[in-house]
>>> print(open('structure_20.tsv').read())   # TSV, C-alpha atoms
chain	number	residue	atom	x	y	z
A	12	MET	CA	-33.72	-11.15	13.31
A	13	SER	CA	-33.01	-11.30	9.58
A	14	ARG	CA	-32.84	-7.50	9.45
A	15	THR	CA	-29.52	-7.74	11.30
A	16	ALA	CA	-27.74	-9.43	8.36
A	17	THR	CA	-25.59	-6.98	6.41
A	18	PRO	CA	-25.81	-7.08	2.60
A	19	GLN	CA	-22.37	-8.68	2.56
A	20	ARG	CA	-23.42	-11.38	4.94
A	21	ARG	CA	-26.66	-12.00	3.08
A	22	ALA	CA	-24.73	-12.34	-0.19
A	23	ARG	CA	-22.30	-14.76	1.43
A	24	ILE	CA	-25.09	-16.87	2.85
A	25	GLU	CA	-26.90	-16.96	-0.49
A	26	ARG	CA	-23.71	-18.00	-2.23
A	27	VAL	CA	-22.97	-20.78	0.25
A	28	LEU	CA	-26.57	-22.04	0.20
A	29	SER	CA	-26.55	-22.08	-3.59
A	30	ARG	CA	-23.50	-24.36	-3.51
A	31	ARG	CA	-24.82	-26.86	-0.97
A	32	GLN	CA	-24.79	-30.43	-2.28
A	33	LYS	CA	-27.96	-31.86	-0.87
A	34	ASP	CA	-27.32	-35.29	-2.41
A	35	LEU	CA	-23.89	-35.75	-0.79
A	36	THR	CA	-23.89	-36.76	2.85
A	37	LEU	CA	-21.92	-38.49	5.57
A	38	VAL	CA	-23.18	-40.81	8.27
A	39	LEU	CA	-21.36	-40.49	11.59
A	40	ALA	CA	-21.75	-43.89	13.21
A	41	ASN	CA	-20.62	-44.10	16.83
A	42	ILE	CA	-17.65	-41.74	16.36
A	43	HIS	CA	-16.78	-40.88	19.94
A	44	ASP	CA	-14.00	-38.29	19.94
A	45	PRO	CA	-15.26	-34.68	20.04
A	46	HIS	CA	-12.23	-33.38	18.11
A	47	ASN	CA	-13.00	-35.81	15.32
A	48	VAL	CA	-16.72	-35.00	15.19
A	49	SER	CA	-15.97	-31.27	15.24
A	50	ALA	CA	-13.40	-31.55	12.47
A	51	ILE	CA	-15.85	-33.59	10.37
A	52	TYR	CA	-18.54	-30.91	10.67
A	53	ARG	CA	-16.01	-28.30	9.62
A	54	SER	CA	-14.99	-30.34	6.56
A	55	CYS	CA	-18.65	-30.95	5.67
A	56	ASP	CA	-19.31	-27.22	5.71
A	57	ALA	CA	-16.21	-26.54	3.61
A	58	PHE	CA	-17.07	-29.09	0.94
A	59	GLY	CA	-20.73	-28.11	0.77
A	60	VAL	CA	-22.36	-31.06	2.52
A	61	ALA	CA	-25.84	-29.86	3.50
A	62	GLU	CA	-26.62	-32.42	6.19
A	63	VAL	CA	-25.06	-35.28	8.10
A	64	HIS	CA	-26.77	-38.29	9.60
A	65	LEU	CA	-25.98	-39.37	13.14
A	66	TYR	CA	-26.34	-43.02	14.05
A	67	TYR	CA	-25.25	-43.66	17.63
A	68	THR	CA	-26.21	-47.05	19.00
A	69	ASP	CA	-23.76	-47.76	21.81
A	70	THR	CA	-21.62	-44.63	22.06
A	71	PRO	CA	-22.82	-41.26	23.40
A	72	PHE	CA	-22.70	-38.40	20.93
A	73	PRO	CA	-19.75	-36.34	22.20
A	74	VAL	CA	-19.96	-32.89	23.75
A	75	LEU	CA	-18.37	-30.53	21.23
A	76	GLY	CA	-16.20	-27.49	21.91
A	77	ARG	CA	-17.45	-24.01	21.17
A	78	LYS	CA	-14.99	-22.70	18.58
A	79	ALA	CA	-14.93	-22.95	14.78
A	80	SER	CA	-16.31	-26.44	14.79
A	81	ALA	CA	-19.33	-25.48	16.84
A	82	SER	CA	-19.83	-22.73	14.35
A	83	ALA	CA	-19.68	-25.26	11.50
A	84	ARG	CA	-22.46	-27.21	13.21
A	85	LYS	CA	-24.72	-24.22	12.69
A	86	TRP	CA	-24.41	-24.57	8.93
A	87	VAL	CA	-24.58	-28.32	8.51
A	88	GLU	CA	-27.88	-29.92	9.45
A	89	SER	CA	-27.89	-32.99	11.66
A	90	VAL	CA	-30.42	-35.78	11.34
A	91	ARG	CA	-30.49	-38.29	14.16
A	92	HIS	CA	-31.63	-41.86	13.68
A	93	LYS	CA	-32.49	-44.35	16.37
A	94	THR	CA	-33.11	-47.39	14.21
A	95	LEU	CA	-31.27	-49.01	11.35
A	96	ASP	CA	-34.47	-49.05	9.32
A	97	GLY	CA	-34.99	-45.35	9.87
A	98	LEU	CA	-31.43	-44.57	8.83
A	99	MET	CA	-31.55	-46.71	5.71
A	100	HIS	CA	-34.95	-45.42	4.68
A	101	SER	CA	-33.71	-41.85	4.98
A	102	LEU	CA	-30.48	-42.53	3.07
A	103	ARG	CA	-32.26	-44.34	0.24
A	104	THR	CA	-34.08	-41.19	-0.86
A	105	ASP	CA	-33.21	-40.03	-4.38
A	106	GLY	CA	-31.52	-43.33	-5.19
A	107	ARG	CA	-28.33	-42.63	-3.27
A	108	GLN	CA	-25.45	-45.06	-3.37
A	109	ILE	CA	-24.53	-45.94	0.20
A	110	LEU	CA	-20.85	-46.57	0.81
A	111	ALA	CA	-18.90	-47.49	3.92
A	112	ALA	CA	-15.36	-46.31	4.59
A	113	SER	CA	-13.59	-49.59	5.25
A	114	CYS	CA	-10.28	-51.43	5.15
A	115	SER	CA	-11.86	-54.76	4.25
A	116	ALA	CA	-10.52	-56.93	1.45
A	117	THR	CA	-13.57	-56.21	-0.69
A	118	ALA	CA	-13.26	-52.40	-0.49
A	119	ARG	CA	-12.39	-50.48	-3.66
A	120	PRO	CA	-10.11	-47.43	-3.78
A	121	LEU	CA	-11.58	-43.97	-3.36
A	122	ALA	CA	-10.83	-42.83	-6.92
A	123	ASP	CA	-12.87	-45.73	-8.38
A	124	TRP	CA	-16.15	-44.27	-7.13
A	125	ASP	CA	-18.35	-41.82	-8.98
A	126	PHE	CA	-19.21	-39.15	-6.42
A	127	THR	CA	-21.24	-37.11	-8.88
A	128	LYS	CA	-24.00	-39.66	-8.14
A	129	PRO	CA	-26.16	-39.05	-5.08
A	130	THR	CA	-23.98	-40.56	-2.35
A	131	ALA	CA	-23.89	-41.25	1.38
A	132	VAL	CA	-20.63	-42.37	3.01
A	133	ILE	CA	-20.70	-44.05	6.41
A	134	MET	CA	-17.78	-43.28	8.72
A	135	GLY	CA	-17.47	-45.66	11.66
A	136	ASN	CA	-16.11	-45.65	15.18
A	137	GLU	CA	-12.41	-44.86	15.72
A	138	HIS	CA	-11.62	-48.35	16.99
A	139	ARG	CA	-14.14	-50.68	15.39
A	140	GLY	CA	-14.82	-49.00	12.06
A	141	VAL	CA	-18.27	-49.44	10.52
A	142	ASP	CA	-20.26	-52.05	12.43
A	143	LYS	CA	-21.30	-55.23	10.62
A	144	GLU	CA	-25.01	-54.56	10.98
A	145	LEU	CA	-24.52	-51.38	8.98
A	146	ALA	CA	-21.94	-52.75	6.55
A	147	ALA	CA	-24.42	-55.46	5.55
A	148	HIS	CA	-26.68	-52.79	4.02
A	149	VAL	CA	-24.23	-50.78	1.93
A	150	ASP	CA	-23.81	-50.78	-1.83
A	151	GLY	CA	-20.03	-50.86	-1.56
A	152	GLU	CA	-16.98	-50.11	0.53
A	153	LEU	CA	-14.23	-47.63	-0.20
A	154	TYR	CA	-10.72	-47.24	1.10
A	155	ILE	CA	-8.10	-44.53	0.81
A	156	PRO	CA	-4.91	-46.00	-0.64
A	157	MET	CA	-2.17	-45.95	2.02
A	158	HIS	CA	1.53	-46.41	1.47
A	159	GLY	CA	2.96	-46.28	4.98
A	160	MET	CA	3.63	-48.30	8.10
A	161	ILE	CA	0.56	-47.19	10.04
A	162	ARG	CA	-2.51	-49.08	8.88
A	163	SER	CA	-5.28	-46.59	9.46
A	164	PHE	CA	-6.18	-42.94	9.12
A	165	ASN	CA	-7.60	-40.74	11.79
A	166	VAL	CA	-11.35	-40.76	11.05
A	167	SER	CA	-11.59	-37.00	10.60
A	168	VAL	CA	-8.67	-37.06	8.17
A	169	ALA	CA	-10.32	-39.94	6.29
A	170	ALA	CA	-13.61	-38.03	6.10
A	171	ALA	CA	-11.84	-34.94	4.76
A	172	VAL	CA	-9.93	-36.90	2.13
A	173	ILE	CA	-13.13	-38.62	0.98
A	174	LEU	CA	-15.07	-35.36	0.81
A	175	ALA	CA	-12.19	-33.64	-0.99
A	176	GLU	CA	-12.29	-36.31	-3.69
A	177	ALA	CA	-16.08	-36.07	-3.95
A	178	SER	CA	-15.77	-32.30	-4.16
A	179	ARG	CA	-13.03	-32.47	-6.78
A	180	GLN	CA	-15.25	-34.62	-8.98
A	181	ARG	CA	-18.25	-32.35	-8.41
A	182	VAL	CA	-16.28	-29.20	-9.23
A	183	LEU	CA	-15.16	-30.77	-12.50
A	184	ALA	CA	-18.78	-31.70	-13.26
A	185	GLY	CA	-19.95	-28.14	-12.55
A	186	MET	CA	-22.20	-29.28	-9.74
A	187	TYR	CA	-21.50	-26.33	-7.43
A	188	ALA	CA	-22.78	-24.00	-10.14
A	189	LYS	CA	-26.14	-25.76	-10.49
A	190	PRO	CA	-28.96	-25.13	-8.01
A	191	GLY	CA	-29.38	-28.04	-5.61
A	192	TYR	CA	-32.48	-26.76	-3.87
A	193	THR	CA	-35.83	-25.83	-5.41
A	194	GLU	CA	-36.70	-22.13	-5.17
A	195	GLU	CA	-39.05	-22.87	-2.28
A	196	GLU	CA	-36.46	-24.89	-0.39
A	197	PHE	CA	-33.86	-22.21	-0.98
A	198	ALA	CA	-36.11	-19.41	0.28
A	199	ALA	CA	-37.05	-21.38	3.38
A	200	LYS	CA	-33.43	-22.18	4.22
A	201	LEU	CA	-32.33	-18.63	3.53
A	202	ASP	CA	-34.87	-17.34	6.06
A	203	ILE	CA	-33.46	-19.64	8.70
A	204	TRP	CA	-29.80	-19.02	7.88
A	205	LEU	CA	-30.24	-15.25	8.02
A	206	THR	CA	-31.19	-15.53	11.67
A	207	ARG	CA	-28.13	-17.57	12.66
B	1130	MET	CA	18.25	-56.04	16.72
B	1131	SER	CA	17.44	-56.67	13.08
B	1132	ARG	CA	17.29	-60.39	13.80
B	1133	THR	CA	14.07	-59.75	15.70
B	1134	ALA	CA	12.16	-58.68	12.57
B	1135	THR	CA	9.95	-61.49	11.30
B	1136	PRO	CA	9.98	-62.19	7.55
B	1137	GLN	CA	6.52	-60.60	7.36
B	1138	ARG	CA	7.67	-57.43	9.06
B	1139	ARG	CA	10.78	-57.26	6.93
B	1140	ALA	CA	8.67	-57.60	3.79
B	1141	ARG	CA	6.31	-54.89	5.00
B	1142	ILE	CA	9.18	-52.53	5.79
B	1143	GLU	CA	10.79	-53.16	2.42
B	1144	ARG	CA	7.52	-52.50	0.68
B	1145	VAL	CA	6.89	-49.25	2.54
B	1146	LEU	CA	10.47	-48.05	2.02
B	1147	SER	CA	10.25	-48.81	-1.68
B	1148	ARG	CA	7.19	-46.56	-1.92
B	1149	ARG	CA	8.63	-43.57	-0.05
B	1150	GLN	CA	8.49	-40.37	-2.11
B	1151	LYS	CA	11.75	-38.69	-1.20
B	1152	ASP	CA	10.98	-35.67	-3.38
B	1153	LEU	CA	7.64	-34.86	-1.72
B	1154	THR	CA	7.83	-33.09	1.61
B	1155	LEU	CA	6.00	-30.81	4.00
B	1156	VAL	CA	7.39	-27.97	6.08
B	1157	LEU	CA	5.74	-27.56	9.47
B	1158	ALA	CA	6.19	-23.90	10.31
B	1159	ASN	CA	5.26	-22.91	13.86
B	1160	ILE	CA	2.28	-25.31	14.05
B	1161	HIS	CA	1.61	-25.38	17.77
B	1162	ASP	CA	-1.16	-27.90	18.47
B	1163	PRO	CA	0.15	-31.40	19.27
B	1164	HIS	CA	-2.98	-33.06	17.83
B	1165	ASN	CA	-2.38	-31.30	14.55
B	1166	VAL	CA	1.32	-32.14	14.40
B	1167	SER	CA	0.60	-35.77	15.29
B	1168	ALA	CA	-2.11	-36.06	12.65
B	1169	ILE	CA	0.20	-34.53	10.04
B	1170	TYR	CA	2.93	-37.10	10.77
B	1171	ARG	CA	0.37	-39.87	10.44
B	1172	SER	CA	-0.82	-38.53	7.07
B	1173	CYS	CA	2.78	-38.14	5.88
B	1174	ASP	CA	3.46	-41.77	6.69
B	1175	ALA	CA	0.28	-42.87	4.94
B	1176	PHE	CA	0.97	-40.95	1.74
B	1177	GLY	CA	4.62	-41.98	1.61
B	1178	VAL	CA	6.33	-38.73	2.60
B	1179	ALA	CA	9.87	-39.70	3.62
B	1180	GLU	CA	10.77	-36.63	5.64
B	1181	VAL	CA	9.29	-33.42	6.97
B	1182	HIS	CA	11.06	-30.17	7.72
B	1183	LEU	CA	10.45	-28.35	10.98
B	1184	TYR	CA	10.83	-24.60	11.07
B	1185	TYR	CA	9.94	-23.21	14.49
B	1186	THR	CA	10.95	-19.61	15.05
B	1187	ASP	CA	8.63	-18.30	17.77
B	1188	THR	CA	6.53	-21.29	18.80
B	1189	PRO	CA	7.81	-24.30	20.75
B	1190	PHE	CA	7.58	-27.61	18.95
B	1191	PRO	CA	4.72	-29.36	20.78
B	1192	VAL	CA	5.05	-32.39	23.01
B	1193	LEU	CA	3.35	-35.23	21.14
B	1194	GLY	CA	1.26	-38.04	22.57
B	1195	ARG	CA	2.46	-41.60	22.51
B	1196	LYS	CA	-0.13	-43.41	20.41
B	1197	ALA	CA	-0.42	-43.99	16.65
B	1198	SER	CA	0.98	-40.58	15.84
B	1199	ALA	CA	4.09	-41.11	17.91
B	1200	SER	CA	4.46	-44.33	16.04
B	1201	ALA	CA	4.15	-42.46	12.72
B	1202	ARG	CA	7.01	-40.20	13.83
B	1203	LYS	CA	9.26	-43.26	13.85
B	1204	TRP	CA	8.74	-43.71	10.13
B	1205	VAL	CA	8.88	-40.13	8.90
B	1206	GLU	CA	12.22	-38.39	9.30
B	1207	SER	CA	12.31	-34.92	10.80
B	1208	VAL	CA	14.81	-32.28	9.76
B	1209	ARG	CA	15.01	-29.21	11.99
B	1210	HIS	CA	16.10	-25.84	10.69
B	1211	LYS	CA	17.09	-22.84	12.75
B	1212	THR	CA	17.57	-20.35	9.95
B	1213	LEU	CA	15.57	-19.36	6.91
B	1214	ASP	CA	18.66	-19.78	4.74
B	1215	GLY	CA	19.22	-23.27	6.05
B	1216	LEU	CA	15.61	-24.23	5.40
B	1217	MET	CA	15.56	-22.81	1.88
B	1218	HIS	CA	18.92	-24.32	0.96
B	1219	SER	CA	17.70	-27.72	2.09
B	1220	LEU	CA	14.38	-27.44	0.25
B	1221	ARG	CA	15.98	-26.30	-3.00
B	1222	THR	CA	17.77	-29.62	-3.50
B	1223	ASP	CA	16.72	-31.50	-6.65
B	1224	GLY	CA	14.98	-28.43	-8.03
B	1225	ARG	CA	11.90	-28.69	-5.86
B	1226	GLN	CA	9.01	-26.32	-6.32
B	1227	ILE	CA	8.26	-24.71	-2.97
B	1228	LEU	CA	4.62	-23.92	-2.31
B	1229	ALA	CA	2.83	-22.36	0.63
B	1230	ALA	CA	-0.67	-23.34	1.73
B	1231	SER	CA	-2.42	-19.98	1.76
B	1232	CYS	CA	-5.73	-18.19	1.44
B	1233	SER	CA	-4.23	-15.14	-0.23
B	1234	ALA	CA	-5.73	-13.63	-3.37
B	1235	THR	CA	-2.79	-14.80	-5.45
B	1236	ALA	CA	-3.06	-18.45	-4.45
B	1237	ARG	CA	-4.09	-21.02	-7.08
B	1238	PRO	CA	-6.36	-24.01	-6.42
B	1239	LEU	CA	-4.84	-27.31	-5.35
B	1240	ALA	CA	-5.77	-29.18	-8.53
B	1241	ASP	CA	-3.82	-26.67	-10.67
B	1242	TRP	CA	-0.49	-27.84	-9.32
B	1243	ASP	CA	1.63	-30.65	-10.72
B	1244	PHE	CA	2.65	-32.71	-7.70
B	1245	THR	CA	4.57	-35.24	-9.76
B	1246	LYS	CA	7.33	-32.62	-9.74
B	1247	PRO	CA	9.67	-32.55	-6.73
B	1248	THR	CA	7.62	-30.50	-4.27
B	1249	ALA	CA	7.72	-29.02	-0.78
B	1250	VAL	CA	4.55	-27.55	0.74
B	1251	ILE	CA	4.79	-25.19	3.69
B	1252	MET	CA	1.99	-25.44	6.28
B	1253	GLY	CA	1.81	-22.48	8.64
B	1254	ASN	CA	0.63	-21.73	12.14
B	1255	GLU	CA	-3.02	-22.37	13.06
B	1256	HIS	CA	-3.76	-18.68	13.58
B	1257	ARG	CA	-1.34	-16.76	11.38
B	1258	GLY	CA	-0.83	-19.12	8.45
B	1259	VAL	CA	2.54	-19.03	6.69
B	1260	ASP	CA	4.62	-16.08	7.89
B	1261	LYS	CA	5.54	-13.37	5.39
B	1262	GLU	CA	9.28	-13.95	5.69
B	1263	LEU	CA	8.68	-17.50	4.45
B	1264	ALA	CA	5.97	-16.66	1.91
B	1265	ALA	CA	8.38	-14.25	0.22
B	1266	HIS	CA	10.57	-17.20	-0.82
B	1267	VAL	CA	8.03	-19.59	-2.30
B	1268	ASP	CA	7.40	-20.38	-5.95
B	1269	GLY	CA	3.65	-20.23	-5.49
B	1270	GLU	CA	0.72	-20.51	-3.13
B	1271	LEU	CA	-2.05	-23.08	-3.17
B	1272	TYR	CA	-5.49	-23.17	-1.63
B	1273	ILE	CA	-8.10	-25.86	-1.21
B	1274	PRO	CA	-11.38	-24.72	-2.78
B	1275	MET	CA	-13.95	-24.18	-0.02
B	1276	HIS	CA	-17.69	-23.82	-0.46
B	1277	GLY	CA	-18.91	-23.19	3.06
B	1278	MET	CA	-19.44	-20.54	5.72
B	1279	ILE	CA	-16.25	-21.24	7.68
B	1280	ARG	CA	-13.26	-19.65	5.99
B	1281	SER	CA	-10.45	-21.98	6.94
B	1282	PHE	CA	-9.56	-25.62	7.34
B	1283	ASN	CA	-8.00	-27.22	10.34
B	1284	VAL	CA	-4.29	-27.38	9.41
B	1285	SER	CA	-4.05	-31.15	9.78
B	1286	VAL	CA	-7.10	-31.58	7.54
B	1287	ALA	CA	-5.57	-29.18	5.00
B	1288	ALA	CA	-2.28	-31.10	5.06
B	1289	ALA	CA	-4.09	-34.39	4.50
B	1290	VAL	CA	-6.16	-33.03	1.61
B	1291	ILE	CA	-3.03	-31.62	-0.04
B	1292	LEU	CA	-1.07	-34.85	0.40
B	1293	ALA	CA	-4.04	-36.89	-0.84
B	1294	GLU	CA	-4.10	-34.87	-4.07
B	1295	ALA	CA	-0.33	-35.18	-4.46
B	1296	SER	CA	-0.63	-38.91	-3.84
B	1297	ARG	CA	-3.52	-39.27	-6.29
B	1298	GLN	CA	-1.40	-37.67	-9.01
B	1299	ARG	CA	1.62	-39.77	-8.14
B	1300	VAL	CA	-0.36	-43.01	-8.14
B	1301	LEU	CA	-1.67	-42.18	-11.62
B	1302	ALA	CA	1.91	-41.45	-12.74
B	1303	GLY	CA	3.16	-44.79	-11.37
B	1304	MET	CA	5.53	-43.08	-8.96
B	1305	TYR	CA	4.97	-45.47	-6.06
B	1306	ALA	CA	6.12	-48.33	-8.27
B	1307	LYS	CA	9.46	-46.70	-9.17
B	1308	PRO	CA	12.39	-46.81	-6.76
B	1309	GLY	CA	12.94	-43.45	-5.08
B	1310	TYR	CA	16.14	-44.36	-3.27
B	1311	THR	CA	19.38	-45.61	-4.77
B	1312	GLU	CA	20.29	-49.18	-3.80
B	1313	GLU	CA	22.80	-47.85	-1.26
B	1314	GLU	CA	20.30	-45.47	0.31
B	1315	PHE	CA	17.68	-48.21	0.43
B	1316	ALA	CA	20.03	-50.68	2.14
B	1317	ALA	CA	21.11	-48.10	4.71
B	1318	LYS	CA	17.54	-47.13	5.54
B	1319	LEU	CA	16.44	-50.73	5.68
B	1320	ASP	CA	19.11	-51.48	8.28
B	1321	ILE	CA	17.82	-48.66	10.45
B	1322	TRP	CA	14.14	-49.42	10.00
B	1323	LEU	CA	14.59	-53.08	10.89
B	1324	THR	CA	15.75	-52.04	14.34
B	1325	ARG	CA	12.73	-49.82	15.05
>>> encode(input="structure_20.tsv", output="structure tokens")
Amino acid sequence: MSRTATPQRRARIERVLSRRQKDLTLVLANIHDPHNVSAIYRSCDAFGVAEVHLYYTDTPFPVLGRKASASARKWVESVRHKTLDGLMHSLRTDGRQILAASCSATARPLADWDFTKPTAVIMGNEHRGVDKELAAHVDGELYIPMHGMIRSFNVSVAAAVILAEASRQRVLAGMYAKPGYTEEEFAAKLDIWLTR
Amino acid sequence: MSRTATPQRRARIERVLSRRQKDLTLVLANIHDPHNVSAIYRSCDAFGVAEVHLYYTDTPFPVLGRKASASARKWVESVRHKTLDGLMHSLRTDGRQILAASCSATARPLADWDFTKPTAVIMGNEHRGVDKELAAHVDGELYIPMHGMIRSFNVSVAAAVILAEASRQRVLAGMYAKPGYTEEEFAAKLDIWLTR
């Protein structure tokens, strides 16, 4: 299969893989709308998020459409978790800070956070936000400053704005120019990506 | 009607009106998807954009749903333009820089632009982007740095990321704390908003 990749495509794949931020991730927690989930995958791909974590406890994971977003799902790995312990254990690798997107009184504004640190951000359900059982385990909560009459963002817009800020900080810190994967990891992923 | 506003609602409306950025605007140019248009209105409200300009030349303005986004449309004024001259004349008030969201080779990254200046950003159609006839009149083009396999953003995500950066710069510059409207303008808008 990998023989079918043109040199241009191989170069593009190598470039994108080399820019993946393996220590920046989102958790999708019971987000139900397929448009939102699709848009979030697309933003993750664009900002170099290597993998997302799916934590669905009482909401079915939506059926996604086939267009650009489905394509983005090819390039962003998904890790499913069935238990809170499993999720938290996985997120705590490499000393990640775990943040929840939240409108609570204790949340701090987006720009206050240092996203050059290994970071996971939990995005909650469209109606309920991040569930309490999850929020109890985070290191902090973040909010996007709002100045209007409507009191909440669409969750896919919120995810994009958060990732854009993380990406802005990481560009300034030169983190897209540094290898994220070991040589072995890179070679293994390249083999897989070339067949997609 | 205005007698029906509670003191809390009146205070909220006054606060939101006082934070409106009347010199920051978007142009929606032939954006056809109602979800995208709705999400853009919601982001405009959230980031304090007072009015948007609609320039539809070959695409019908979509029928929008009734939920949060329809609500956002109440709080963000819409100005329709039928001619390019009319649009440009309107945008050129108060010496605004006019930018187009674009992936062209001459575009400069989002963070390079000074959004504390009076600014209009043109967002184009989902498939075609900003049409050439419009692009020929702008002062510059901006792009959002992307690091992934997919080569474009959803337009409502792009609009939100652009407005979030503009808002970030304006927060740092204290622009939400300074009155944007004259006292007369503020009083007139307050009268209208209290009846909504």
>>> interface_residues(input="structure_20.tsv", of="chain B", to="chain A", cutoff="7 Å", atoms="all atoms listed in the file", output="VMD selection string")
chain B and resid 1145 1148 1174 to 1177 1201 1275 to 1279 1286 1289 to 1290 1293
>>> atom_distance(input="structure_20.tsv", atom1="CA of Glu194 in chain A", atom2="CA of Gln19 in chain A")
21.1 Å
>>> residues_near_point(input="structure_20.tsv", point="(5.6, -21.5, -2.2)", cutoff="8 Å", atoms="only C-alpha atoms", output="PyMOL selection string")
chain B and resi 1226-1230+1249-1251+1264+1266-1271
>>> residues_around(input="structure_20.tsv", residues="Leu95 in chain A", least_positions_apart="2", cutoff="12 Å", atoms="all atoms listed in the file", output="PyMOL selection string")
chain A and resi 38+40+64-68+91-93+97-102+142-149
>>> residues_around(input="structure_20.tsv", residues="Pro45 in chain A", least_positions_apart="6", cutoff="9 Å", atoms="all atoms listed in the file", output="ChimeraX atom specification")
/A:72-76
>>> build_atoms(input="structure_20.tsv", residues="range 190-196 of chain A", atoms="all heavy atoms", output="PDB file, in the coordinates of the input")
ATOM      1  N   PRO A 190     -28.169 -25.177  -9.242  1.00  0.00           N
ATOM      2  CA  PRO A 190     -28.960 -25.130  -8.010  1.00  0.00           C
ATOM      3  C   PRO A 190     -29.287 -26.534  -7.508  1.00  0.00           C
ATOM      4  O   PRO A 190     -29.729 -27.394  -8.276  1.00  0.00           O
ATOM      5  CB  PRO A 190     -30.227 -24.378  -8.414  1.00  0.00           C
ATOM      6  CG  PRO A 190     -30.278 -24.427  -9.905  1.00  0.00           C
ATOM      7  CD  PRO A 190     -28.883 -24.616 -10.399  1.00  0.00           C
ATOM      8  N   GLY A 191     -29.048 -26.760  -6.217  1.00  0.00           N
ATOM      9  CA  GLY A 191     -29.380 -28.040  -5.610  1.00  0.00           C
ATOM     10  C   GLY A 191     -30.784 -28.027  -5.031  1.00  0.00           C
ATOM     11  O   GLY A 191     -31.512 -29.021  -5.096  1.00  0.00           O
ATOM     12  N   TYR A 192     -31.170 -26.885  -4.489  1.00  0.00           N
ATOM     13  CA  TYR A 192     -32.480 -26.760  -3.870  1.00  0.00           C
ATOM     14  C   TYR A 192     -33.494 -26.194  -4.866  1.00  0.00           C
ATOM     15  O   TYR A 192     -33.122 -25.439  -5.768  1.00  0.00           O
ATOM     16  CB  TYR A 192     -32.403 -25.801  -2.670  1.00  0.00           C
ATOM     17  CG  TYR A 192     -31.571 -26.313  -1.523  1.00  0.00           C
ATOM     18  CD1 TYR A 192     -30.443 -25.623  -1.094  1.00  0.00           C
ATOM     19  CD2 TYR A 192     -31.938 -27.479  -0.852  1.00  0.00           C
ATOM     20  CE1 TYR A 192     -29.677 -26.081  -0.037  1.00  0.00           C
ATOM     21  CE2 TYR A 192     -31.169 -27.944   0.218  1.00  0.00           C
ATOM     22  CZ  TYR A 192     -30.049 -27.242   0.618  1.00  0.00           C
ATOM     23  OH  TYR A 192     -29.296 -27.703   1.659  1.00  0.00           O
ATOM     24  N   THR A 193     -34.760 -26.523  -4.674  1.00  0.00           N
ATOM     25  CA  THR A 193     -35.830 -25.830  -5.410  1.00  0.00           C
ATOM     26  C   THR A 193     -35.890 -24.388  -4.887  1.00  0.00           C
ATOM     27  O   THR A 193     -35.337 -24.068  -3.826  1.00  0.00           O
ATOM     28  CB  THR A 193     -37.197 -26.494  -5.173  1.00  0.00           C
ATOM     29  OG1 THR A 193     -37.522 -26.346  -3.776  1.00  0.00           O
ATOM     30  CG2 THR A 193     -37.171 -27.980  -5.531  1.00  0.00           C
ATOM     31  N   GLU A 194     -36.575 -23.534  -5.613  1.00  0.00           N
ATOM     32  CA  GLU A 194     -36.700 -22.130  -5.170  1.00  0.00           C
ATOM     33  C   GLU A 194     -37.344 -22.047  -3.795  1.00  0.00           C
ATOM     34  O   GLU A 194     -36.951 -21.229  -2.965  1.00  0.00           O
ATOM     35  CB  GLU A 194     -37.514 -21.314  -6.181  1.00  0.00           C
ATOM     36  CG  GLU A 194     -36.697 -20.913  -7.399  1.00  0.00           C
ATOM     37  CD  GLU A 194     -37.493 -20.005  -8.346  1.00  0.00           C
ATOM     38  OE1 GLU A 194     -38.277 -19.174  -7.856  1.00  0.00           O
ATOM     39  OE2 GLU A 194     -37.328 -20.172  -9.578  1.00  0.00           O
ATOM     40  N   GLU A 195     -38.353 -22.890  -3.579  1.00  0.00           N
ATOM     41  CA  GLU A 195     -39.050 -22.870  -2.280  1.00  0.00           C
ATOM     42  C   GLU A 195     -38.119 -23.321  -1.157  1.00  0.00           C
ATOM     43  O   GLU A 195     -38.083 -22.715  -0.084  1.00  0.00           O
ATOM     44  CB  GLU A 195     -40.300 -23.776  -2.309  1.00  0.00           C
ATOM     45  CG  GLU A 195     -41.422 -23.307  -3.235  1.00  0.00           C
ATOM     46  CD  GLU A 195     -41.105 -23.507  -4.724  1.00  0.00           C
ATOM     47  OE1 GLU A 195     -40.212 -24.343  -5.050  1.00  0.00           O
ATOM     48  OE2 GLU A 195     -41.706 -22.814  -5.558  1.00  0.00           O
ATOM     49  N   GLU A 196     -37.403 -24.404  -1.412  1.00  0.00           N
ATOM     50  CA  GLU A 196     -36.460 -24.890  -0.390  1.00  0.00           C
ATOM     51  C   GLU A 196     -35.414 -23.818  -0.088  1.00  0.00           C
ATOM     52  O   GLU A 196     -35.087 -23.552   1.077  1.00  0.00           O
ATOM     53  CB  GLU A 196     -35.730 -26.155  -0.893  1.00  0.00           C
ATOM     54  CG  GLU A 196     -36.573 -27.420  -0.899  1.00  0.00           C
ATOM     55  CD  GLU A 196     -35.865 -28.583  -1.614  1.00  0.00           C
ATOM     56  OE1 GLU A 196     -34.985 -28.337  -2.483  1.00  0.00           O
ATOM     57  OE2 GLU A 196     -36.197 -29.740  -1.318  1.00  0.00           O
TER      58      GLU A 196
END
